[in-house]
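So the structure is just underneath, and the comments pick up after that.
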Amino acid sequence: MTKETKKRISQAVTEANKKRIWTKASRLKISNSSKGRKQSAETIKKRTDKNRGQKRSGETKRKISLAKKGKSLSLSPEQKKKRSEFAKNRTAEQSSGWKGGRRRDTKGYIRIYMPTHPYANTDGYVFEHRLVMESHLGRILLPTEVVHHINGIPDDNRIENLMLFSNQRHHLTFHHRIDGFLVKERS
């Protein structure tokens, strides 16, 4: 490549990086990759000159100073109220931890974010296996109805692997029959 081509590519990358919003993980990777590298005096001068040219308000300078010292910022009552209102009105999709509305709980079941569902929990999530069964039947399941995973794998929500019971008692009876049969068969 010619020097001119390299320069154009470098400028294009620089412009793209200015527009890019880096995640914390990306910033950490970049930081770790440059640790231990020595920067030339020219690079250091460019960086410091660039920062010197910025005009910052006294408030911004105070915040930077506190951040460098590792101290937290004290917020005014108006700022606290503004943050509180934002947090109250924020939807799940606006959260920094949003992963598309699909979660796995501690028992391995998948939950889907559907805050408008009549039987959603307080966080707005519904079990995926119940949604699959509802879709198959074309109606909302009653709270007493139980969806059973035939193969016992809680995140295998294929309709062929799901079985519907009208209530918990019928579900338990089914388990006792199957488990009892398996115990007798092993003996």
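Scheme for the structure tokens: letters A, B, ... for chains in order shown; per-chain residue numbers from 1; ligand numbers from 1 in order shown.
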**Request:** Within 7 Å of stretch 164-167 of chain A, counting only C-alpha atoms, which residues show up once you throw out same-chain ones fewer than 4 positions away? Write them as number ranges by chain, please.
**Result:** A: 144-148, 171
As a short mmCIF file (atom, residue, chain, number, x, y, z; two decimals) with C-alpha atoms, in the first residue's frame, please: the residues near A:Gly100 (cut-off 10 Å, only C-alpha atoms, same-chain neighbours under 3 positions excluded).
```cif
data_model
loop_
_atom_site.label_atom_id
_atom_site.label_comp_id
_atom_site.auth_asym_id
_atom_site.auth_seq_id
_atom_site.Cartn_x
_atom_site.Cartn_y
_atom_site.Cartn_z
CA ALA A 92 -36.76 -3.35 30.69
CA GLU A 93 -35.62 -2.76 27.10
CA GLY A 97 -28.51 -5.56 31.09
CA ARG A 103 -33.77 -15.40 30.76
CA ILE A 112 -39.73 -14.62 28.20
CA TYR A 113 -40.43 -10.92 28.83
#
```
Shortest contact to A:Arg102, candidates A:Gln39, A:Lys63, A:Pro115, A:Tyr125, atoms counted only C-alpha atoms, goes to A:Tyr125
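The coordinates place atom CA of A:Ser95 at 27.7 Å from atom CA of A:Asp156.
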Can you build me a table of stretch 97-138 of chain A residues sitting at most 12 Å from stretch 157-160 of chain A, with the closest atom pair per residue and its distance in Å to one decimal, using only C-alpha atoms, sorted by chain and residue number, as a Markdown table?
```
| residue | atom | partner | partner_atom | distance |
| --- | --- | --- | --- | --- |
| A:Gly108 | CA | A:Asn157 | CA | 11.5 |
| A:Tyr109 | CA | A:Asn157 | CA | 9.2 |
| A:Ile110 | CA | A:Asn157 | CA | 8.6 |
| A:Arg111 | CA | A:Asn157 | CA | 11.1 |
| A:Phe127 | CA | A:Asn157 | CA | 9.9 |
| A:Glu128 | CA | A:Asn157 | CA | 7.1 |
| A:His129 | CA | A:Asn157 | CA | 5.3 |
| A:Arg130 | CA | A:Asn157 | CA | 8.9 |
| A:Leu131 | CA | A:Asn157 | CA | 9.4 |
| A:Val132 | CA | A:Ile159 | CA | 6.7 |
| A:Met133 | CA | A:Ile159 | CA | 6.8 |
| A:Glu134 | CA | A:Ile159 | CA | 10.3 |
| A:Ser135 | CA | A:Ile159 | CA | 9.6 |
| A:His136 | CA | A:Ile159 | CA | 7.5 |
| A:Leu137 | CA | A:Ile159 | CA | 10.4 |
```
Expected file contents, prior selection, C-alpha atoms, as a CSV table (one decimal), in the first residue's frame:
```csv
chain,number,residue,atom,x,y,z
A,108,GLY,CA,-33.0,-24.1,34.1
A,109,TYR,CA,-36.4,-22.9,32.9
A,110,ILE,CA,-36.6,-20.2,30.2
A,111,ARG,CA,-38.6,-17.1,30.9
A,127,PHE,CA,-42.3,-19.4,31.3
A,128,GLU,CA,-41.5,-20.2,27.7
A,129,HIS,CA,-43.0,-23.7,27.9
A,130,ARG,CA,-46.3,-22.2,29.0
A,131,LEU,CA,-46.2,-19.8,26.1
A,132,VAL,CA,-45.4,-22.6,23.6
A,133,MET,CA,-48.4,-24.6,25.0
A,134,GLU,CA,-50.7,-21.6,24.8
A,135,SER,CA,-49.6,-21.0,21.2
A,136,HIS,CA,-50.3,-24.6,20.4
A,137,LEU,CA,-53.8,-24.6,22.0
```
Using DSSP secondary structure from the backbone, list all alpha helix (DSSP H) positions within stretch 16-144 of chain A, as a VMD selection string. chain A and resid 16 to 19 24 to 34 41 to 52 58 to 69 77 to 89 128 to 137
Backbone DSSP call of strand (DSSP E or B) for stretch 125-155 of chain A, listed as a VMD selection string: chain A and resid 125 to 127 146 to 149
Requested write-out: C-alpha atoms of the selected residues, as a compact mmCIF listing (two decimals), in the first residue's frame:
```txt
# COMPACT_ATOMS: atom_id res chain seq x y z
CA TYR A 125 -41.75 -12.61 32.60
CA VAL A 126 -43.65 -15.78 31.64
CA PHE A 127 -42.32 -19.35 31.35
CA VAL A 146 -49.36 -27.47 34.59
CA VAL A 147 -47.07 -28.00 31.60
CA HIS A 148 -44.78 -31.02 32.01
CA HIS A 149 -41.47 -31.63 30.17
```
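Minimum distance to A:Thr91 across A:Lys61, A:Lys69, A:Leu142, A:Gly124 (counting only C-alpha atoms) occurs at A:Gly124.
Going from atom CA of A:Lys88 to atom CA of A:Thr122 covers 14.6 Å.
Across the model, the gap from atom CA of A:Arg104 to atom CA of A:Arg169 is 26.1 Å.
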